[in-house]
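Novice: For reference, this is upload07.cif, and it has mmCIF, N, CA and C atoms.
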data_final
loop_
_atom_site.label_atom_id
_atom_site.label_comp_id
_atom_site.auth_asym_id
_atom_site.auth_seq_id
_atom_site.Cartn_x
_atom_site.Cartn_y
_atom_site.Cartn_z
N MET A 13 88.61 108.79 84.13
CA MET A 13 89.24 108.36 85.36
C MET A 13 90.58 109.07 85.48
N SER A 14 90.84 109.66 86.61
CA SER A 14 92.10 110.35 86.80
C SER A 14 93.18 109.36 87.24
N ALA A 15 94.40 109.69 86.91
CA ALA A 15 95.52 108.83 87.29
C ALA A 15 95.80 108.99 88.78
N PHE A 16 96.15 107.90 89.40
CA PHE A 16 96.52 107.98 90.81
C PHE A 16 98.04 108.00 90.89
N PRO A 17 98.59 108.61 91.93
CA PRO A 17 100.03 108.85 91.99
C PRO A 17 100.88 107.59 92.17
N LEU A 18 100.33 106.53 92.70
CA LEU A 18 101.12 105.32 92.92
C LEU A 18 100.84 104.31 91.81
N ASN A 19 101.87 103.91 91.09
CA ASN A 19 101.74 102.91 90.05
C ASN A 19 102.34 101.61 90.59
N PRO A 20 101.57 100.53 90.67
CA PRO A 20 102.09 99.27 91.21
C PRO A 20 103.35 98.78 90.50
N ASP A 21 103.48 99.08 89.21
CA ASP A 21 104.64 98.62 88.45
C ASP A 21 105.93 99.34 88.84
N ASP A 22 105.81 100.45 89.57
CA ASP A 22 106.99 101.21 89.98
C ASP A 22 107.67 100.63 91.21
N PHE A 23 107.09 99.61 91.81
CA PHE A 23 107.60 99.08 93.07
C PHE A 23 107.89 97.59 92.94
N THR A 24 108.81 97.12 93.76
CA THR A 24 109.18 95.71 93.73
C THR A 24 108.31 94.91 94.69
N TYR A 25 108.27 93.62 94.48
CA TYR A 25 107.52 92.72 95.34
C TYR A 25 108.05 92.86 96.78
N GLY A 26 107.13 92.93 97.73
CA GLY A 26 107.51 93.06 99.12
C GLY A 26 107.58 94.49 99.62
N ASP A 27 107.53 95.45 98.70
CA ASP A 27 107.55 96.86 99.09
C ASP A 27 106.14 97.25 99.54
N PRO A 28 106.01 97.83 100.75
CA PRO A 28 104.68 98.21 101.21
C PRO A 28 103.99 99.20 100.26
N ASP A 29 104.78 100.01 99.57
CA ASP A 29 104.17 100.95 98.62
C ASP A 29 103.54 100.24 97.44
N LYS A 30 104.01 99.04 97.11
CA LYS A 30 103.35 98.27 96.04
C LYS A 30 101.95 97.88 96.48
N LEU A 31 101.81 97.45 97.74
CA LEU A 31 100.48 97.12 98.24
C LEU A 31 99.58 98.35 98.26
N ARG A 32 100.14 99.48 98.69
CA ARG A 32 99.35 100.72 98.70
C ARG A 32 98.91 101.10 97.28
N ALA A 33 99.81 100.92 96.32
CA ALA A 33 99.49 101.25 94.93
C ALA A 33 98.41 100.31 94.38
N GLU A 34 98.50 99.04 94.73
CA GLU A 34 97.47 98.08 94.29
C GLU A 34 96.11 98.44 94.89
N ILE A 35 96.10 98.80 96.17
CA ILE A 35 94.85 99.21 96.82
C ILE A 35 94.28 100.44 96.13
N ALA A 36 95.14 101.41 95.83
CA ALA A 36 94.69 102.63 95.16
C ALA A 36 94.10 102.32 93.79
N ALA A 37 94.75 101.43 93.05
CA ALA A 37 94.26 101.06 91.71
C ALA A 37 92.90 100.36 91.80
N LEU A 38 92.76 99.47 92.77
CA LEU A 38 91.49 98.77 92.94
C LEU A 38 90.37 99.74 93.32
N MET A 39 90.66 100.67 94.20
CA MET A 39 89.62 101.62 94.61
C MET A 39 89.28 102.60 93.49
N ALA A 40 90.25 102.89 92.63
CA ALA A 40 89.94 103.71 91.45
C ALA A 40 88.97 102.96 90.53
N ALA A 41 89.19 101.65 90.41
CA ALA A 41 88.28 100.84 89.59
C ALA A 41 86.89 100.78 90.22
N VAL A 42 86.83 100.67 91.55
CA VAL A 42 85.54 100.67 92.24
C VAL A 42 84.82 102.00 92.00
N GLY A 43 85.55 103.09 92.06
CA GLY A 43 84.95 104.40 91.80
C GLY A 43 84.39 104.50 90.39
N MET A 44 85.14 103.97 89.43
CA MET A 44 84.67 103.97 88.04
C MET A 44 83.41 103.13 87.91
N ARG A 45 83.43 101.97 88.55
CA ARG A 45 82.27 101.09 88.47
C ARG A 45 81.04 101.71 89.13
N SER A 46 81.24 102.50 90.18
CA SER A 46 80.08 103.14 90.82
C SER A 46 79.39 104.10 89.86
N ASN A 47 80.16 104.76 89.02
CA ASN A 47 79.55 105.63 88.00
C ASN A 47 78.79 104.80 86.96
N ILE A 48 79.35 103.66 86.59
CA ILE A 48 78.68 102.79 85.62
C ILE A 48 77.39 102.23 86.21
N VAL A 49 77.41 101.89 87.49
CA VAL A 49 76.20 101.38 88.16
C VAL A 49 75.08 102.41 88.06
N ALA A 50 75.43 103.68 88.28
CA ALA A 50 74.41 104.73 88.19
C ALA A 50 73.81 104.77 86.78
N ASP A 51 74.65 104.60 85.77
CA ASP A 51 74.16 104.60 84.39
C ASP A 51 73.24 103.39 84.13
N TYR A 52 73.67 102.21 84.58
CA TYR A 52 72.83 101.02 84.39
C TYR A 52 71.50 101.15 85.12
N ALA A 53 71.53 101.75 86.30
CA ALA A 53 70.28 101.94 87.05
C ALA A 53 69.35 102.87 86.28
N ALA A 54 69.90 103.95 85.73
CA ALA A 54 69.07 104.89 84.97
C ALA A 54 68.51 104.24 83.71
N LEU A 55 69.29 103.34 83.12
CA LEU A 55 68.84 102.64 81.91
C LEU A 55 67.92 101.45 82.22
N ARG A 56 67.77 101.14 83.50
CA ARG A 56 66.99 99.98 83.95
C ARG A 56 67.54 98.67 83.40
N ASP A 57 68.87 98.63 83.30
CA ASP A 57 69.57 97.43 82.82
C ASP A 57 70.02 96.63 84.05
N ASP A 58 69.15 95.74 84.48
CA ASP A 58 69.43 94.98 85.70
C ASP A 58 70.61 94.03 85.55
N ALA A 59 70.79 93.46 84.37
CA ALA A 59 71.91 92.54 84.16
C ALA A 59 73.24 93.30 84.27
N GLY A 60 73.31 94.46 83.64
CA GLY A 60 74.53 95.27 83.74
C GLY A 60 74.76 95.77 85.15
N LEU A 61 73.68 96.14 85.82
CA LEU A 61 73.74 96.59 87.21
C LEU A 61 74.30 95.48 88.11
N ARG A 62 73.75 94.29 87.96
CA ARG A 62 74.17 93.15 88.78
C ARG A 62 75.65 92.82 88.54
N TYR A 63 76.03 92.73 87.27
CA TYR A 63 77.41 92.37 86.92
C TYR A 63 78.40 93.41 87.46
N THR A 64 78.09 94.67 87.25
CA THR A 64 79.01 95.73 87.67
C THR A 64 79.12 95.81 89.18
N LEU A 65 78.01 95.63 89.88
CA LEU A 65 78.07 95.62 91.35
C LEU A 65 78.89 94.45 91.87
N ARG A 66 78.76 93.30 91.24
CA ARG A 66 79.54 92.13 91.67
C ARG A 66 81.03 92.36 91.41
N CYS A 67 81.36 92.96 90.30
CA CYS A 67 82.77 93.27 90.02
C CYS A 67 83.32 94.26 91.05
N ALA A 68 82.55 95.29 91.35
CA ALA A 68 82.97 96.29 92.33
C ALA A 68 83.16 95.65 93.71
N ALA A 69 82.24 94.76 94.07
CA ALA A 69 82.33 94.09 95.36
C ALA A 69 83.59 93.21 95.43
N ALA A 70 83.89 92.51 94.34
CA ALA A 70 85.08 91.66 94.31
C ALA A 70 86.35 92.51 94.43
N GLU A 71 86.40 93.63 93.72
CA GLU A 71 87.57 94.51 93.80
C GLU A 71 87.71 95.09 95.20
N PHE A 72 86.60 95.42 95.82
CA PHE A 72 86.64 95.95 97.18
C PHE A 72 87.15 94.89 98.16
N ARG A 73 86.70 93.65 98.00
CA ARG A 73 87.17 92.57 98.88
C ARG A 73 88.67 92.35 98.73
N VAL A 74 89.17 92.40 97.50
CA VAL A 74 90.61 92.23 97.27
C VAL A 74 91.38 93.38 97.92
N ALA A 75 90.86 94.61 97.79
CA ALA A 75 91.52 95.76 98.42
C ALA A 75 91.57 95.59 99.94
N LEU A 76 90.49 95.10 100.54
CA LEU A 76 90.48 94.86 101.99
C LEU A 76 91.49 93.78 102.38
N SER A 77 91.60 92.75 101.57
CA SER A 77 92.57 91.69 101.83
C SER A 77 93.99 92.24 101.76
N LEU A 78 94.26 93.06 100.75
CA LEU A 78 95.58 93.67 100.63
C LEU A 78 95.87 94.60 101.80
N LEU A 79 94.85 95.28 102.29
CA LEU A 79 95.03 96.13 103.46
C LEU A 79 95.44 95.29 104.67
N GLY A 80 94.85 94.12 104.82
CA GLY A 80 95.25 93.21 105.89
C GLY A 80 96.71 92.79 105.75
N ASP A 81 97.12 92.48 104.51
CA ASP A 81 98.52 92.13 104.26
C ASP A 81 99.44 93.29 104.59
N LEU A 82 99.05 94.48 104.19
CA LEU A 82 99.85 95.68 104.47
C LEU A 82 99.98 95.91 105.96
N THR A 83 98.89 95.75 106.69
CA THR A 83 98.90 95.94 108.14
C THR A 83 99.84 94.94 108.80
N GLU A 84 99.77 93.67 108.39
CA GLU A 84 100.66 92.65 108.95
C GLU A 84 102.12 92.96 108.63
N GLN A 85 102.38 93.36 107.41
CA GLN A 85 103.75 93.66 107.00
C GLN A 85 104.32 94.84 107.77
N THR A 86 103.56 95.90 107.92
CA THR A 86 104.07 97.07 108.63
C THR A 86 104.23 96.78 110.12
N GLU A 87 103.37 95.93 110.68
CA GLU A 87 103.51 95.54 112.09
C GLU A 87 104.77 94.72 112.30
N ARG A 88 105.05 93.78 111.39
CA ARG A 88 106.29 92.99 111.49
C ARG A 88 107.51 93.89 111.38
N THR A 89 107.48 94.84 110.46
CA THR A 89 108.60 95.76 110.29
C THR A 89 108.79 96.61 111.54
N ARG A 90 107.69 97.09 112.11
CA ARG A 90 107.77 97.92 113.31
C ARG A 90 108.38 97.12 114.46
N LYS A 91 107.99 95.87 114.61
CA LYS A 91 108.52 95.04 115.69
C LYS A 91 110.00 94.75 115.50
N ARG A 92 110.43 94.55 114.25
CA ARG A 92 111.85 94.31 113.98
C ARG A 92 112.69 95.54 114.29
N GLN A 93 112.13 96.71 114.09
CA GLN A 93 112.88 97.94 114.30
C GLN A 93 112.94 98.37 115.76
N GLN A 94 112.09 97.82 116.60
CA GLN A 94 112.11 98.16 118.02
C GLN A 94 113.27 97.44 118.69
N PRO A 95 113.96 98.12 119.58
CA PRO A 95 115.04 97.43 120.30
C PRO A 95 114.45 96.36 121.22
N ASP A 96 115.19 95.33 121.43
CA ASP A 96 114.75 94.23 122.29
C ASP A 96 114.66 94.73 123.73
N ALA A 97 113.53 94.54 124.37
CA ALA A 97 113.31 95.04 125.74
C ALA A 97 114.26 94.37 126.73
N ALA A 98 114.60 93.11 126.50
CA ALA A 98 115.49 92.41 127.43
C ALA A 98 116.91 92.94 127.34
N ALA A 99 117.31 93.45 126.19
CA ALA A 99 118.67 93.95 126.02
C ALA A 99 118.85 95.35 126.58
N GLN A 100 117.77 96.05 126.82
CA GLN A 100 117.83 97.42 127.32
C GLN A 100 117.89 97.41 128.85
N PRO A 101 118.79 98.22 129.44
CA PRO A 101 118.79 98.33 130.90
C PRO A 101 117.55 99.09 131.34
N HIS A 102 117.08 98.77 132.53
CA HIS A 102 115.90 99.43 133.06
C HIS A 102 116.25 100.86 133.41
N SER A 103 115.38 101.78 133.05
CA SER A 103 115.66 103.17 133.36
C SER A 103 115.50 103.41 134.86
N GLY A 104 116.33 104.28 135.41
CA GLY A 104 116.24 104.62 136.81
C GLY A 104 116.97 103.67 137.73
N THR A 105 117.56 102.63 137.20
CA THR A 105 118.34 101.72 138.03
C THR A 105 119.80 101.79 137.61
N GLU A 106 120.65 101.60 138.54
CA GLU A 106 122.08 101.64 138.26
C GLU A 106 122.61 100.23 138.23
N ALA A 107 123.61 100.03 137.42
CA ALA A 107 124.26 98.73 137.38
C ALA A 107 125.05 98.54 138.67
N ARG A 108 124.90 97.40 139.27
CA ARG A 108 125.62 97.12 140.52
C ARG A 108 126.88 96.32 140.21
N ARG A 109 127.91 96.62 140.96
CA ARG A 109 129.18 95.93 140.74
C ARG A 109 129.46 94.98 141.83
#
Can I see the file as structure tokens?

Specialist:
Amino acid sequence: MSAFPLNPDDFTYGDPDKLRAEIAALMAAVGMRSNIVADYAALRDDAGLRYTLRCAAAEFRVALSLLGDLTEQTERTRKRQQPDAAAQPHSGTEARR
């Protein structure tokens, strides 16, 4: 298994890159498990096949959940960074005195 560039331990709680790193780590595990599934299938080991597929499915579900968290977090950040529409003067109109 190759190392992925984002290490979850390098980031603090609440950092969007920590969520990205966790997702990357989970998907690396899913990739590893997919190779193991192929081996179990070739060996006709149904118990190993079943267990490994269930583990991969659980890791995939967690990654999807983290993606939802990341999407919510980045949307909240984007909204906070946008200027308030009510505070901005309308373009093309002049202030009347």

Novice: As a PyMOL selection string, which residues of chain A does DSSP assign to alpha helix (DSSP H)?

Specialist: chain A and resi 28-55+58-93

Novice: Report, in Å with one decimal, the straight-line distance from atom CA of A:Pro95 to atom CA of A:Lys30.

Specialist: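 So the answer is 26.9 Å.
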
Novice: Considering all atoms listed in the file, can you say which of A:Leu18, A:Thr24, A:Ile48, A:Ile35 comes closest to A:Val74?

Specialist: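 Closest candidate: A:Ile35.
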
Novice: Could you state the separation of atom N of A:Glu71 and atom CA of A:Val42 in Å, given to one decimal place?

Specialist: 7.2 Å

Novice: Go through A:Leu31, A:Ala54, A:Ala41, A:Leu82 one by one, measure the shortest atom-to-atom distance of each to A:Ala68 using all atoms listed in the file, and give the residue with the smallest value.

Specialist: A:Ala41

Novice: Would you compute the distance between atom N of A:Gly43 and atom N of A:Asp21? Give it in Å to one decimal.

Specialist: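 That distance, rounded to one decimal, is 18.6 Å.
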
Novice: Taking only N, CA and C atoms into account, which of A:Tyr52, A:Leu38, A:Arg45, A:Gly60 comes nearest A:Phe72?

Specialist: A:Leu38

Novice: Smallest atom-to-atom distance to A:Thr89: which of A:Ala33, A:Gly26, A:Ala70, A:Thr64, using only C-alpha atoms?

Specialist: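 When distances to A:Thr89 are compared using only C-alpha atoms, the smallest one comes from A:Gly26.
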
Novice: Please write out, as AutoDock Vina command-line options, where the centre of an axis-aligned box around all listed atoms of stretch 31-38 of chain A lies and how long its edges are, in Å to one decimal, after adding 8 Å on each side.

Specialist:
--center_x 96.1 --center_y 99.9 --center_z 95.2 --size_x 27.4 --size_y 21.5 --size_z 23.0
